[in-house]
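J.: Take a look at my_file_30.txt, compact mmCIF, C-alpha atoms:
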```txt
# COMPACT_ATOMS: atom_id res chain seq x y z
CA ARG Q 1 102.67 69.40 118.60
CA LYS Q 2 102.59 71.36 115.34
CA GLU Q 3 102.84 75.12 115.63
CA VAL Q 4 99.69 75.60 113.58
CA GLU Q 5 97.13 72.83 113.31
CA GLN Q 6 94.05 72.69 111.16
CA ASP Q 7 91.15 70.28 110.75
CA PRO Q 8 92.51 67.46 108.61
CA GLY Q 9 89.61 67.39 106.13
CA PRO Q 10 88.60 66.99 103.44
CA PHE Q 11 85.18 68.49 103.93
CA ASN Q 12 82.51 67.41 101.47
CA VAL Q 13 79.40 69.60 101.65
CA PRO Q 14 76.40 70.31 99.44
CA GLU Q 15 75.81 73.71 97.93
CA GLY Q 16 74.15 76.04 100.38
CA ALA Q 17 75.66 74.40 103.44
CA THR Q 18 77.45 76.22 106.22
CA VAL Q 19 80.96 74.96 106.90
CA ALA Q 20 83.39 75.86 109.67
CA PHE Q 21 87.14 75.47 109.69
CA ASN Q 22 89.18 75.46 112.87
CA CYS Q 23 92.80 76.28 113.48
CA THR Q 24 94.87 76.27 116.65
CA TYR Q 25 98.31 77.75 117.22
CA SER Q 26 100.81 76.88 119.92
CA ASN Q 27 102.77 80.10 120.42
CA SER Q 28 101.00 82.67 122.56
CA ALA Q 29 103.30 85.38 121.12
CA SER Q 30 101.64 85.04 117.73
CA GLN Q 31 100.70 88.43 116.40
CA SER Q 32 98.90 88.25 113.08
CA PHE Q 33 96.45 85.74 111.72
CA PHE Q 34 95.13 85.11 108.25
CA TRP Q 35 93.04 82.77 106.16
CA TYR Q 36 94.17 82.06 102.62
CA ARG Q 37 92.52 79.98 99.96
CA GLN Q 38 94.49 78.01 97.42
CA ASP Q 39 93.05 76.51 94.27
CA CYS Q 40 94.68 73.49 92.71
CA ARG Q 41 98.03 74.37 91.12
CA LYS Q 42 97.58 78.07 91.90
CA GLU Q 43 99.15 80.40 94.42
CA PRO Q 44 97.55 81.09 97.82
CA LYS Q 45 95.30 84.13 97.81
CA LEU Q 46 94.45 86.14 100.89
CA LEU Q 47 90.88 85.53 101.97
CA MET Q 48 90.75 87.42 105.24
CA SER Q 49 92.89 88.85 107.97
CA VAL Q 50 91.61 87.80 111.39
CA TYR Q 51 91.16 90.33 114.16
CA SER Q 52 90.36 89.90 117.83
CA SER Q 53 87.01 91.58 117.30
CA GLY Q 54 86.14 89.14 114.54
CA ASN Q 55 85.46 90.17 111.00
CA GLU Q 56 82.98 89.41 108.29
CA ASP Q 57 83.16 89.70 104.53
CA GLY Q 58 79.96 88.66 102.81
CA ARG Q 59 79.48 84.95 103.40
CA PHE Q 60 82.77 84.61 105.26
CA THR Q 61 83.28 85.21 108.97
CA ALA Q 62 86.59 84.87 110.81
CA GLN Q 63 87.05 84.75 114.56
CA LEU Q 64 90.10 84.86 116.80
CA ASN Q 65 90.20 83.66 120.38
CA ARG Q 66 93.57 84.59 121.85
CA ALA Q 67 92.87 82.97 125.21
CA SER Q 68 92.25 79.61 123.57
CA GLN Q 69 94.76 80.23 120.77
CA TYR Q 70 92.14 79.39 118.23
CA ILE Q 71 91.05 80.80 114.87
CA SER Q 72 87.98 79.90 112.90
CA LEU Q 73 86.53 80.52 109.47
CA LEU Q 74 82.84 80.16 108.75
CA ILE Q 75 81.49 79.97 105.22
CA ARG Q 76 77.74 80.38 104.84
CA ASP Q 77 75.69 79.39 101.80
CA SER Q 78 78.56 77.46 100.19
CA LYS Q 79 79.04 77.82 96.45
CA LEU Q 80 80.67 75.41 94.05
CA SER Q 81 83.38 78.03 93.56
CA ASP Q 82 84.30 77.81 97.26
CA SER Q 83 85.92 74.44 96.59
CA ALA Q 84 89.58 74.95 97.43
CA THR Q 85 92.14 74.38 100.17
CA TYR Q 86 91.88 76.80 103.08
CA LEU Q 87 95.14 77.67 104.81
CA CYS Q 88 95.47 79.13 108.29
CA VAL Q 89 98.53 81.37 108.61
CA VAL Q 90 100.10 82.78 111.76
CA THR Q 91 102.87 85.33 112.08
CA LEU Q 92 104.93 85.84 115.20
CA LYS Q 93 107.87 87.97 116.10
CA GLY Q 94 110.94 86.38 117.63
CA ALA Q 95 114.50 87.28 118.52
CA GLY Q 96 115.72 86.70 115.00
CA GLY Q 97 113.00 88.58 113.20
CA PHE Q 98 109.61 87.12 112.58
CA LYS Q 99 108.20 83.83 111.42
CA THR Q 100 105.31 82.95 109.18
CA ILE Q 101 103.78 79.55 109.76
CA PHE Q 102 101.24 77.89 107.51
CA GLY Q 103 98.85 75.22 108.65
CA ALA Q 104 98.64 72.10 106.52
CA GLY Q 105 95.37 73.30 104.99
CA THR Q 106 91.86 71.92 104.90
CA ARG Q 107 90.43 70.85 101.58
CA LEU Q 108 86.81 71.78 100.86
CA PHE Q 109 84.68 70.17 98.18
CA VAL Q 110 81.30 71.78 97.54
CA LYS Q 111 79.00 69.57 95.48
CA ALA Q 112 75.87 70.40 93.53
CA ASP H 113 97.90 96.83 88.64
CA ALA H 114 100.32 96.36 91.50
CA MET H 115 101.46 92.80 91.57
CA VAL H 116 104.02 90.09 92.24
CA ILE H 117 105.60 88.60 89.13
CA GLN H 118 107.59 85.41 88.90
CA ASN H 119 109.71 84.24 86.01
CA PRO H 120 109.81 81.79 84.51
CA ARG H 121 106.47 80.13 85.26
CA TYR H 122 107.93 76.73 84.39
CA GLN H 123 111.57 75.76 84.66
CA VAL H 124 113.20 72.48 83.73
CA THR H 125 116.75 71.89 84.89
CA GLN H 126 119.11 68.96 85.00
CA PHE H 127 120.23 67.27 88.15
CA GLY H 128 123.09 69.33 89.61
CA LYS H 129 122.76 72.24 87.16
CA PRO H 130 122.38 75.59 88.94
CA VAL H 131 119.13 77.41 88.41
CA THR H 132 117.87 80.88 89.31
CA LEU H 133 114.25 81.84 89.82
CA SER H 134 113.17 85.46 89.70
CA CYS H 135 110.58 87.51 91.55
CA SER H 136 109.67 91.15 91.15
CA GLN H 137 107.02 93.31 92.77
CA THR H 138 105.36 96.62 92.12
CA LEU H 139 103.74 96.82 95.56
CA ASN H 140 106.75 98.54 97.14
CA HIS H 141 106.59 96.10 100.04
CA ASN H 142 109.61 95.91 102.30
CA VAL H 143 109.43 92.16 102.95
CA MET H 144 109.92 89.45 100.33
CA TYR H 145 109.63 85.71 100.93
CA TRP H 146 110.46 82.48 99.14
CA TYR H 147 108.42 79.37 99.75
CA GLN H 148 108.70 75.81 98.49
CA GLN H 149 105.47 73.90 98.00
CA LYS H 150 105.26 70.23 97.14
CA SER H 151 102.14 68.44 96.03
CA SER H 152 99.40 68.25 98.67
CA GLN H 153 101.56 70.08 101.22
CA ALA H 154 101.42 73.55 102.67
CA PRO H 155 103.94 76.15 101.51
CA LYS H 156 107.20 75.86 103.42
CA LEU H 157 109.08 79.08 104.08
CA LEU H 158 112.71 78.94 102.92
CA PHE H 159 113.80 82.48 103.82
CA HIS H 160 112.72 86.07 103.73
CA TYR H 161 114.21 89.53 103.39
CA TYR H 162 113.03 92.18 105.80
CA ASP H 163 114.29 95.23 103.95
CA LYS H 164 117.91 94.26 103.28
CA ASP H 165 118.13 91.84 106.20
CA PHE H 166 118.22 88.21 105.18
CA ASN H 167 116.46 85.71 107.44
CA ASN H 168 117.07 82.06 106.76
CA GLU H 169 114.85 79.35 108.18
CA ALA H 170 116.83 76.90 110.31
CA ASP H 171 115.96 73.89 108.18
CA THR H 172 116.56 75.46 104.76
CA PRO H 173 119.36 73.51 103.03
CA ASP H 174 122.55 75.37 102.07
CA ASN H 175 121.76 74.45 98.49
CA PHE H 176 119.22 77.29 98.49
CA GLN H 177 120.46 80.86 98.39
CA SER H 178 118.80 84.19 97.80
CA ARG H 179 119.67 87.68 96.64
CA ARG H 180 117.75 90.92 96.87
CA PRO H 181 119.57 93.57 94.84
CA ASN H 182 116.88 96.19 95.39
CA THR H 183 113.40 96.60 96.86
CA SER H 184 111.65 95.29 93.77
CA PHE H 185 113.59 92.16 92.93
CA CYS H 186 114.46 88.96 94.72
CA PHE H 187 116.13 85.84 93.35
CA LEU H 188 116.20 82.23 94.47
CA ASP H 189 119.35 80.33 93.52
CA ILE H 190 119.46 76.56 93.73
CA ARG H 191 123.13 75.67 93.47
CA SER H 192 122.86 71.95 92.75
CA PRO H 193 119.26 70.88 92.25
CA GLY H 194 118.37 67.38 93.28
CA LEU H 195 115.31 65.36 92.31
CA GLY H 196 113.82 66.20 95.71
CA ASP H 197 113.91 69.91 94.87
CA ALA H 198 111.23 69.55 92.22
CA ALA H 199 108.37 71.68 93.53
CA MET H 200 106.42 74.88 93.09
CA TYR H 201 108.41 77.88 94.29
CA LEU H 202 106.32 80.77 95.49
CA CYS H 203 107.45 84.33 96.04
CA ALA H 204 105.42 86.57 98.34
CA THR H 205 105.65 90.14 99.58
CA SER H 206 104.24 92.02 102.53
CA ASN H 207 104.28 95.43 104.11
CA GLN H 208 105.92 94.78 107.49
CA VAL H 209 104.33 91.64 109.02
CA TYR H 210 100.93 92.10 107.51
CA GLU H 211 99.17 90.22 104.72
CA GLN H 212 101.35 88.46 102.20
CA TYR H 213 100.66 88.61 98.50
CA PHE H 214 101.85 85.75 96.39
CA GLY H 215 103.13 85.53 92.86
CA PRO H 216 101.84 82.79 90.55
CA GLY H 217 104.80 80.55 91.31
CA THR H 218 107.50 78.81 89.29
CA ARG H 219 107.10 75.10 88.81
CA LEU H 220 110.51 73.49 88.84
CA THR H 221 111.18 70.12 87.24
CA VAL H 222 114.52 68.38 87.78
CA THR H 223 115.50 65.73 85.25
```
Produce structure tokens that represent the structure in this file.

T.:
Amino acid sequence: RKEVEQDPGPFNVPEGATVAFNCTYSNSASQSFFWYRQDCRKEPKLLMSVYSSGNEDGRFTAQLNRASQYISLLIRDSKLSDSATYLCVVTLKGAGGFKTIFGAGTRLFVKA
Amino acid sequence: DAMVIQNPRYQVTQFGKPVTLSCSQTLNHNVMYWYQQKSSQAPKLLFHYYDKDFNNEADTPDNFQSRRPNTSFCFLDIRSPGLGDAAMYLCATSNQVYEQYFGPGTRLTVT
């Protein structure tokens, strides 16, 4: 089982749609959780940190369920500019320091 | 603006010819990372520096080395690049284990 698993995608949605991405992680000691977006041939950019209480930023809502080891990202009212790859990232602390693990990413295509 | 800078943005090297990629940051973050990203794959962490402490990932080949002479700079050395090392190399920084901020990357071509 992969340490961080995401929906395989791609997701093809029309403008205005609501789309949800899911991510699960295997290590219960995971400490920090993030969603990044990456445009083609560009670097990943932080979209949101994910907190246990959930957090919202405009059209984007992130949720964390520690009991189920599950993270989600909801995008409402999709725009063409939301087309990108969405990466789930988990950080955990171990004996030798800490680890950062990226999910494989879920590609989103928003069409007019 | 505080940022992460990578030089060069594009690097072409010959098979077996050592190459060094550079990263600098003005964020004053204590952690710096190097990632390798190949087409259609997620970034793969090679190693990171937590302050001066070097942390190598178990599956990072010996061909890849890193130096961090001070807080602001970090270098990735590829001692003998192979064709399979052609990729985008991303540098990132963070304050402790919080959000990482990425540089624009260096695209490496091996001929």

J.: Select all residues near (103.6, 82.6, 111.6) (cut-off 7 Å, inclusive, file coordinates), counting all atoms listed in the file, and output them as an MDAnalysis selection string.

T.: chainID Q and resid 30 89:92 99:102

J.: Extending 6 Å beyond the listed atoms of stretch 159-172 of chain H on each side, what axis-aligned box results? I want centre and edge lengths in Å to one decimal, as AutoDock Vina command-line options.

T.:
```
--center_x 115.5 --center_y 84.6 --center_z 106.8 --size_x 17.5 --size_y 33.3 --size_z 19.0
```

J.: Using all atoms listed in the file, find the residues of chain H whose closest atom to chain Q is at most 8 Å away, then write them as an NGL selection string.

T.: :H and (153-157 or 167 or 202 or 209-217)

J.: Atom CA of Q:Ala20 and atom CA of H:Cys203 are how many Å apart?

T.: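 One can read the atom CA of Q:Ala20 to atom CA of H:Cys203 distance as 28.9 Å.
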
J.: With all atoms listed in the file as the counted atoms, please give the residues lying no more than 12 Å from stretch 176-183 of chain H, apart from itself and same-chain residues fewer than 2 positions off, as number ranges by chain.

T.: H: 130-148, 157-169, 171-174, 185-194, 197, 201, 203, 205-207

J.: Using all atoms listed in the file, which of the listed residues (Q:Ser78, Q:Ser52, Q:Ser68, Q:Gln6) sits closest to Q:Thr18?

T.: Q:Ser78

J.: Atom CA of Q:Arg37 and atom CA of Q:Thr24, how far apart in Å?

T.: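 Atom-to-atom, atom CA of Q:Thr24 to atom CA of Q:Arg37, that is 17.3 Å.
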
J.: Suppose you want the space between atom CA of Q:Asp7 and atom CA of Q:Phe60; what is it in Å?

T.: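 Between these atoms lies a distance of 17.5 Å.
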
J.: Name the closest residue to H:Thr218 among the candidates H:Val116, H:Ala199, H:Ala204, H:Gly128; distances are taken between atoms, counting only C-alpha atoms.

T.: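 Of the candidates, the smallest distance to H:Thr218 is held by H:Ala199.
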
J.: Which residues, written as a CSV table (one decimal) with C-alpha atoms, keeping the file's coordinate frame, have at least one atom at most 7 Å from stretch 55-59 of chain Q, with all atoms listed in the file counted and residues fewer than 2 positions away on the same chain left out?

T.:
```
chain,number,residue,atom,x,y,z
Q,50,VAL,CA,91.6,87.8,111.4
Q,51,TYR,CA,91.2,90.3,114.2
Q,53,SER,CA,87.0,91.6,117.3
Q,61,THR,CA,83.3,85.2,109.0
Q,62,ALA,CA,86.6,84.9,110.8
Q,63,GLN,CA,87.0,84.8,114.6
Q,75,ILE,CA,81.5,80.0,105.2
Q,76,ARG,CA,77.7,80.4,104.8
Q,77,ASP,CA,75.7,79.4,101.8
```

J.: Taking 3 positions as the minimum chain separation for residues in the same chain, which residues sit within 7 Å of Q:Phe21 when counting all atoms listed in the file? Answer as a PyMOL selection string.

T.: chain Q and resi 7+72-74

J.: Could you write out that same residue set with C-alpha atoms as a tab-separated table (two decimals), in the frame of the given file?

T.:
```tsv
chain	number	residue	atom	x	y	z
Q	7	ASP	CA	91.15	70.28	110.75
Q	72	SER	CA	87.98	79.90	112.90
Q	73	LEU	CA	86.53	80.52	109.47
Q	74	LEU	CA	82.84	80.16	108.75
```

J.: Mind filling out stretch 189-203 of chain H with N, CA, C and O atoms and sending it as a PDB file, in the coordinates of the input?

T.:
```pdb
ATOM      1  N   ASP H 189     118.334  81.122  94.200  1.00  0.00           N
ATOM      2  CA  ASP H 189     119.350  80.330  93.520  1.00  0.00           C
ATOM      3  C   ASP H 189     119.379  78.949  94.130  1.00  0.00           C
ATOM      4  O   ASP H 189     119.532  78.813  95.351  1.00  0.00           O
ATOM      5  N   ILE H 190     119.284  77.941  93.282  1.00  0.00           N
ATOM      6  CA  ILE H 190     119.460  76.560  93.730  1.00  0.00           C
ATOM      7  C   ILE H 190     120.766  76.089  93.120  1.00  0.00           C
ATOM      8  O   ILE H 190     120.884  75.963  91.894  1.00  0.00           O
ATOM      9  N   ARG H 191     121.753  75.869  93.964  1.00  0.00           N
ATOM     10  CA  ARG H 191     123.130  75.670  93.470  1.00  0.00           C
ATOM     11  C   ARG H 191     123.306  74.326  92.773  1.00  0.00           C
ATOM     12  O   ARG H 191     123.987  74.228  91.759  1.00  0.00           O
ATOM     13  N   SER H 192     122.722  73.285  93.327  1.00  0.00           N
ATOM     14  CA  SER H 192     122.860  71.950  92.750  1.00  0.00           C
ATOM     15  C   SER H 192     121.543  71.201  92.947  1.00  0.00           C
ATOM     16  O   SER H 192     121.394  70.450  93.921  1.00  0.00           O
ATOM     17  N   PRO H 193     120.600  71.458  92.053  1.00  0.00           N
ATOM     18  CA  PRO H 193     119.260  70.880  92.250  1.00  0.00           C
ATOM     19  C   PRO H 193     119.285  69.362  92.261  1.00  0.00           C
ATOM     20  O   PRO H 193     119.946  68.722  91.423  1.00  0.00           O
ATOM     21  N   GLY H 194     118.580  68.818  93.236  1.00  0.00           N
ATOM     22  CA  GLY H 194     118.370  67.380  93.280  1.00  0.00           C
ATOM     23  C   GLY H 194     116.940  67.057  92.898  1.00  0.00           C
ATOM     24  O   GLY H 194     116.094  67.946  92.790  1.00  0.00           O
ATOM     25  N   LEU H 195     116.661  65.771  92.701  1.00  0.00           N
ATOM     26  CA  LEU H 195     115.310  65.360  92.310  1.00  0.00           C
ATOM     27  C   LEU H 195     114.294  65.793  93.367  1.00  0.00           C
ATOM     28  O   LEU H 195     113.148  66.115  93.046  1.00  0.00           O
ATOM     29  N   GLY H 196     114.718  65.809  94.614  1.00  0.00           N
ATOM     30  CA  GLY H 196     113.820  66.200  95.710  1.00  0.00           C
ATOM     31  C   GLY H 196     113.504  67.681  95.746  1.00  0.00           C
ATOM     32  O   GLY H 196     112.655  68.096  96.532  1.00  0.00           O
ATOM     33  N   ASP H 197     114.175  68.468  94.911  1.00  0.00           N
ATOM     34  CA  ASP H 197     113.910  69.910  94.870  1.00  0.00           C
ATOM     35  C   ASP H 197     112.825  70.279  93.868  1.00  0.00           C
ATOM     36  O   ASP H 197     112.449  71.450  93.756  1.00  0.00           O
ATOM     37  N   ALA H 198     112.343  69.292  93.136  1.00  0.00           N
ATOM     38  CA  ALA H 198     111.230  69.550  92.220  1.00  0.00           C
ATOM     39  C   ALA H 198     110.011  69.955  93.035  1.00  0.00           C
ATOM     40  O   ALA H 198     109.607  69.244  93.966  1.00  0.00           O
ATOM     41  N   ALA H 199     109.465  71.115  92.726  1.00  0.00           N
ATOM     42  CA  ALA H 199     108.370  71.680  93.530  1.00  0.00           C
ATOM     43  C   ALA H 199     107.872  72.948  92.857  1.00  0.00           C
ATOM     44  O   ALA H 199     108.429  73.400  91.857  1.00  0.00           O
ATOM     45  N   MET H 200     106.841  73.526  93.459  1.00  0.00           N
ATOM     46  CA  MET H 200     106.420  74.880  93.090  1.00  0.00           C
ATOM     47  C   MET H 200     107.147  75.828  94.033  1.00  0.00           C
ATOM     48  O   MET H 200     107.174  75.598  95.247  1.00  0.00           O
ATOM     49  N   TYR H 201     107.754  76.875  93.474  1.00  0.00           N
ATOM     50  CA  TYR H 201     108.410  77.880  94.290  1.00  0.00           C
ATOM     51  C   TYR H 201     107.607  79.169  94.215  1.00  0.00           C
ATOM     52  O   TYR H 201     107.372  79.722  93.141  1.00  0.00           O
ATOM     53  N   LEU H 202     107.201  79.605  95.391  1.00  0.00           N
ATOM     54  CA  LEU H 202     106.320  80.770  95.490  1.00  0.00           C
ATOM     55  C   LEU H 202     107.066  81.934  96.110  1.00  0.00           C
ATOM     56  O   LEU H 202     107.733  81.782  97.134  1.00  0.00           O
ATOM     57  N   CYS H 203     106.924  83.080  95.491  1.00  0.00           N
ATOM     58  CA  CYS H 203     107.450  84.330  96.040  1.00  0.00           C
ATOM     59  C   CYS H 203     106.258  85.097  96.615  1.00  0.00           C
ATOM     60  O   CYS H 203     105.156  85.074  96.053  1.00  0.00           O
TER      61      CYS H 203
END
```
